[in-house]
Each structure stands twice: as C-alpha cells, then as structure tokens.
Amino acid sequence: MITEKLGERIRELRLKTGLSQEKFALKIGLDRTYYSSVENGKRNVAIVNIEKIANGFGITLSELFKGM
C-alpha cells in the first residue's frame, strides 16, 4: 500500500535526523499520535501534512517520494 511505503520512507528520513517521533512532530507542528500513525502507514495523510513533513526534512515533495 502507498500509505505503508510513504510511512517507511518518512521513518527512514526521520531516523537519519536523529529525532524521536515526538520531537519531529513538534518541529513540524503535528500531533505525535497523528504523526506516528502516518509513519506506521495507518493514515491517509493530507497533502498539506505531507508538505509539512517534507519541509521538516528540508526536502521537496518529489524528494520525499523518490524511490517509492
């Protein structure tokens, strides 16, 4: 599923930052439980929140989806 692939990609990028889910969620202005469900592929995340996540990593949307 695309939500699972996106979640895996986001987790991979977050782990590279060295931040916990909680700290990253705070950084980008999302609730920790919402963010966790995104990483676990259990949420159909809105494009505005995908953009927040990409911005939190300092990458473009296309870079976020690269390799999926």
# chains A, B, ... in the order shown; residues from 1 in each chain; ligands from 1
call {"tool": "residues_around", "arguments": {"residues": "Asn49 of chain A", "least_positions_apart": "5", "cutoff": "10 Å", "atoms": "only C-alpha atoms", "output": "MDAnalysis selection string"}}
result
chainID A and resid 28:30 35 38 54:55
call {"tool": "residues_around", "arguments": {"residues": "Gly7 of chain A", "least_positions_apart": "3", "cutoff": "7 Å", "atoms": "only C-alpha atoms", "output": "VMD selection string"}}
result
chain A and resid 3 to 4 10 to 11 38 to 41
call {"tool": "select_by_dssp", "arguments": {"residues": "chain A", "states": "helix (DSSP H, G or I)", "output": "PyMOL selection string"}}
result
chain A and resi 2-17+21-28+32-39+47-57+61-65
call {"tool": "closest_residue", "arguments": {"among": "A:Leu6, A:Val45, A:Ile53, A:Leu15", "to": "Lys27 of chain A", "atoms": "only C-alpha atoms"}}
result
A:Ile53
call {"tool": "closest_residue", "arguments": {"among": "A:Glu8, A:Ile59, A:Lys16, A:Glu51", "to": "Ser36 of chain A", "atoms": "only C-alpha atoms"}}
result
A:Glu8
call {"tool": "closest_residue", "arguments": {"among": "A:Leu19, A:Leu13, A:Met1, A:Leu61", "to": "Lys42 of chain A", "atoms": "only C-alpha atoms"}}
result
A:Met1
call {"tool": "closest_residue", "arguments": {"among": "A:Ile2, A:Glu12, A:Val48, A:Gly56", "to": "Ala25 of chain A", "atoms": "only C-alpha atoms"}}
result
A:Gly56
call {"tool": "decode", "arguments": {"residues": "segment 23-67 of chain A", "atoms": "N, CA and C atoms", "output": "PDB file, in the first residue's frame"}}
result
ATOM      1  N   LYS A  23       9.695  14.542  18.970  1.00  0.00           N
ATOM      2  CA  LYS A  23      10.432  15.781  18.677  1.00  0.00           C
ATOM      3  C   LYS A  23      10.219  16.235  17.237  1.00  0.00           C
ATOM      4  N   PHE A  24      10.175  15.283  16.308  1.00  0.00           N
ATOM      5  CA  PHE A  24       9.952  15.666  14.916  1.00  0.00           C
ATOM      6  C   PHE A  24       8.535  16.202  14.725  1.00  0.00           C
ATOM      7  N   ALA A  25       7.564  15.541  15.328  1.00  0.00           N
ATOM      8  CA  ALA A  25       6.172  16.004  15.227  1.00  0.00           C
ATOM      9  C   ALA A  25       6.032  17.418  15.783  1.00  0.00           C
ATOM     10  N   LEU A  26       6.679  17.683  16.910  1.00  0.00           N
ATOM     11  CA  LEU A  26       6.662  19.035  17.481  1.00  0.00           C
ATOM     12  C   LEU A  26       7.290  20.038  16.525  1.00  0.00           C
ATOM     13  N   LYS A  27       8.404  19.650  15.926  1.00  0.00           N
ATOM     14  CA  LYS A  27       9.128  20.529  14.988  1.00  0.00           C
ATOM     15  C   LYS A  27       8.246  20.961  13.828  1.00  0.00           C
ATOM     16  N   ILE A  28       7.408  20.042  13.331  1.00  0.00           N
ATOM     17  CA  ILE A  28       6.604  20.348  12.147  1.00  0.00           C
ATOM     18  C   ILE A  28       5.167  20.735  12.479  1.00  0.00           C
ATOM     19  N   GLY A  29       4.829  20.740  13.751  1.00  0.00           N
ATOM     20  CA  GLY A  29       3.507  21.203  14.160  1.00  0.00           C
ATOM     21  C   GLY A  29       2.388  20.188  14.000  1.00  0.00           C
ATOM     22  N   LEU A  30       2.721  18.906  14.116  1.00  0.00           N
ATOM     23  CA  LEU A  30       1.704  17.855  14.058  1.00  0.00           C
ATOM     24  C   LEU A  30       1.624  17.148  15.409  1.00  0.00           C
ATOM     25  N   ASP A  31       0.465  16.613  15.713  1.00  0.00           N
ATOM     26  CA  ASP A  31       0.294  15.827  16.922  1.00  0.00           C
ATOM     27  C   ASP A  31       1.125  14.551  16.815  1.00  0.00           C
ATOM     28  N   ARG A  32       1.752  14.134  17.919  1.00  0.00           N
ATOM     29  CA  ARG A  32       2.612  12.963  17.899  1.00  0.00           C
ATOM     30  C   ARG A  32       1.859  11.694  17.504  1.00  0.00           C
ATOM     31  N   THR A  33       0.646  11.515  17.988  1.00  0.00           N
ATOM     32  CA  THR A  33      -0.096  10.302  17.653  1.00  0.00           C
ATOM     33  C   THR A  33      -0.502  10.287  16.176  1.00  0.00           C
ATOM     34  N   TYR A  34      -0.827  11.456  15.632  1.00  0.00           N
ATOM     35  CA  TYR A  34      -1.133  11.563  14.205  1.00  0.00           C
ATOM     36  C   TYR A  34       0.116  11.202  13.400  1.00  0.00           C
ATOM     37  N   TYR A  35       1.244  11.814  13.775  1.00  0.00           N
ATOM     38  CA  TYR A  35       2.492  11.565  13.060  1.00  0.00           C
ATOM     39  C   TYR A  35       2.872  10.081  13.132  1.00  0.00           C
ATOM     40  N   SER A  36       2.709   9.476  14.286  1.00  0.00           N
ATOM     41  CA  SER A  36       3.019   8.062  14.464  1.00  0.00           C
ATOM     42  C   SER A  36       2.179   7.197  13.524  1.00  0.00           C
ATOM     43  N   SER A  37       0.898   7.528  13.393  1.00  0.00           N
ATOM     44  CA  SER A  37       0.029   6.748  12.507  1.00  0.00           C
ATOM     45  C   SER A  37       0.425   6.920  11.042  1.00  0.00           C
ATOM     46  N   VAL A  38       0.991   8.078  10.703  1.00  0.00           N
ATOM     47  CA  VAL A  38       1.498   8.290   9.345  1.00  0.00           C
ATOM     48  C   VAL A  38       2.696   7.372   9.100  1.00  0.00           C
ATOM     49  N   GLU A  39       3.643   7.371  10.037  1.00  0.00           N
ATOM     50  CA  GLU A  39       4.832   6.523   9.900  1.00  0.00           C
ATOM     51  C   GLU A  39       4.476   5.043   9.845  1.00  0.00           C
ATOM     52  N   ASN A  40       3.435   4.665  10.545  1.00  0.00           N
ATOM     53  CA  ASN A  40       3.014   3.261  10.577  1.00  0.00           C
ATOM     54  C   ASN A  40       2.133   2.886   9.397  1.00  0.00           C
ATOM     55  N   GLY A  41       1.891   3.825   8.492  1.00  0.00           N
ATOM     56  CA  GLY A  41       1.118   3.548   7.291  1.00  0.00           C
ATOM     57  C   GLY A  41      -0.356   3.339   7.549  1.00  0.00           C
ATOM     58  N   LYS A  42      -0.848   3.866   8.660  1.00  0.00           N
ATOM     59  CA  LYS A  42      -2.241   3.646   9.045  1.00  0.00           C
ATOM     60  C   LYS A  42      -3.132   4.851   8.788  1.00  0.00           C
ATOM     61  N   ARG A  43      -2.595   5.864   8.138  1.00  0.00           N
ATOM     62  CA  ARG A  43      -3.378   7.074   7.916  1.00  0.00           C
ATOM     63  C   ARG A  43      -3.231   7.529   6.475  1.00  0.00           C
ATOM     64  N   ASN A  44      -4.343   7.941   5.902  1.00  0.00           N
ATOM     65  CA  ASN A  44      -4.342   8.547   4.583  1.00  0.00           C
ATOM     66  C   ASN A  44      -4.086  10.038   4.813  1.00  0.00           C
ATOM     67  N   VAL A  45      -2.836  10.408   4.774  1.00  0.00           N
ATOM     68  CA  VAL A  45      -2.401  11.741   5.195  1.00  0.00           C
ATOM     69  C   VAL A  45      -2.712  12.792   4.128  1.00  0.00           C
ATOM     70  N   ALA A  46      -3.150  13.950   4.581  1.00  0.00           N
ATOM     71  CA  ALA A  46      -3.479  15.061   3.680  1.00  0.00           C
ATOM     72  C   ALA A  46      -2.202  15.637   3.068  1.00  0.00           C
ATOM     73  N   ILE A  47      -2.320  16.135   1.862  1.00  0.00           N
ATOM     74  CA  ILE A  47      -1.163  16.685   1.147  1.00  0.00           C
ATOM     75  C   ILE A  47      -0.532  17.857   1.905  1.00  0.00           C
ATOM     76  N   VAL A  48      -1.322  18.637   2.610  1.00  0.00           N
ATOM     77  CA  VAL A  48      -0.745  19.758   3.376  1.00  0.00           C
ATOM     78  C   VAL A  48       0.147  19.225   4.487  1.00  0.00           C
ATOM     79  N   ASN A  49      -0.203  18.087   5.060  1.00  0.00           N
ATOM     80  CA  ASN A  49       0.638  17.499   6.106  1.00  0.00           C
ATOM     81  C   ASN A  49       1.860  16.804   5.517  1.00  0.00           C
ATOM     82  N   ILE A  50       1.721  16.253   4.330  1.00  0.00           N
ATOM     83  CA  ILE A  50       2.887  15.689   3.642  1.00  0.00           C
ATOM     84  C   ILE A  50       3.893  16.795   3.360  1.00  0.00           C
ATOM     85  N   GLU A  51       3.389  17.954   2.975  1.00  0.00           N
ATOM     86  CA  GLU A  51       4.270  19.096   2.729  1.00  0.00           C
ATOM     87  C   GLU A  51       4.964  19.531   4.020  1.00  0.00           C
ATOM     88  N   LYS A  52       4.263  19.546   5.137  1.00  0.00           N
ATOM     89  CA  LYS A  52       4.887  19.883   6.432  1.00  0.00           C
ATOM     90  C   LYS A  52       6.025  18.918   6.747  1.00  0.00           C
ATOM     91  N   ILE A  53       5.782  17.646   6.476  1.00  0.00           N
ATOM     92  CA  ILE A  53       6.803  16.631   6.740  1.00  0.00           C
ATOM     93  C   ILE A  53       8.022  16.853   5.852  1.00  0.00           C
ATOM     94  N   ALA A  54       7.793  17.061   4.564  1.00  0.00           N
ATOM     95  CA  ALA A  54       8.907  17.314   3.640  1.00  0.00           C
ATOM     96  C   ALA A  54       9.685  18.555   4.063  1.00  0.00           C
ATOM     97  N   ASN A  55       8.970  19.612   4.406  1.00  0.00           N
ATOM     98  CA  ASN A  55       9.639  20.839   4.855  1.00  0.00           C
ATOM     99  C   ASN A  55      10.453  20.594   6.123  1.00  0.00           C
ATOM    100  N   GLY A  56       9.930  19.743   7.006  1.00  0.00           N
ATOM    101  CA  GLY A  56      10.656  19.413   8.231  1.00  0.00           C
ATOM    102  C   GLY A  56      11.983  18.742   7.957  1.00  0.00           C
ATOM    103  N   PHE A  57      12.049  17.995   6.861  1.00  0.00           N
ATOM    104  CA  PHE A  57      13.301  17.358   6.456  1.00  0.00           C
ATOM    105  C   PHE A  57      14.153  18.274   5.574  1.00  0.00           C
ATOM    106  N   GLY A  58      13.574  19.387   5.161  1.00  0.00           N
ATOM    107  CA  GLY A  58      14.298  20.304   4.280  1.00  0.00           C
ATOM    108  C   GLY A  58      14.418  19.781   2.864  1.00  0.00           C
ATOM    109  N   ILE A  59      13.388  19.031   2.433  1.00  0.00           N
ATOM    110  CA  ILE A  59      13.412  18.468   1.086  1.00  0.00           C
ATOM    111  C   ILE A  59      12.116  18.825   0.356  1.00  0.00           C
ATOM    112  N   THR A  60      12.117  18.603  -0.950  1.00  0.00           N
ATOM    113  CA  THR A  60      10.922  18.853  -1.756  1.00  0.00           C
ATOM    114  C   THR A  60       9.984  17.649  -1.669  1.00  0.00           C
ATOM    115  N   LEU A  61       8.755  17.854  -2.120  1.00  0.00           N
ATOM    116  CA  LEU A  61       7.808  16.743  -2.166  1.00  0.00           C
ATOM    117  C   LEU A  61       8.314  15.624  -3.080  1.00  0.00           C
ATOM    118  N   SER A  62       8.902  15.994  -4.198  1.00  0.00           N
ATOM    119  CA  SER A  62       9.401  14.953  -5.113  1.00  0.00           C
ATOM    120  C   SER A  62      10.526  14.158  -4.482  1.00  0.00           C
ATOM    121  N   GLU A  63      11.370  14.815  -3.684  1.00  0.00           N
ATOM    122  CA  GLU A  63      12.438  14.092  -2.985  1.00  0.00           C
ATOM    123  C   GLU A  63      11.865  13.149  -1.929  1.00  0.00           C
ATOM    124  N   LEU A  64      10.785  13.574  -1.286  1.00  0.00           N
ATOM    125  CA  LEU A  64      10.153  12.722  -0.282  1.00  0.00           C
ATOM    126  C   LEU A  64       9.638  11.432  -0.921  1.00  0.00           C
ATOM    127  N   PHE A  65       9.070  11.530  -2.106  1.00  0.00           N
ATOM    128  CA  PHE A  65       8.501  10.353  -2.781  1.00  0.00           C
ATOM    129  C   PHE A  65       9.519   9.580  -3.607  1.00  0.00           C
ATOM    130  N   LYS A  66      10.736  10.078  -3.687  1.00  0.00           N
ATOM    131  CA  LYS A  66      11.760   9.432  -4.510  1.00  0.00           C
ATOM    132  C   LYS A  66      12.032   8.001  -4.027  1.00  0.00           C
ATOM    133  N   GLY A  67      12.051   7.088  -4.978  1.00  0.00           N
ATOM    134  CA  GLY A  67      12.373   5.698  -4.680  1.00  0.00           C
ATOM    135  C   GLY A  67      11.206   4.879  -4.178  1.00  0.00           C
TER     136      GLY A  67
END
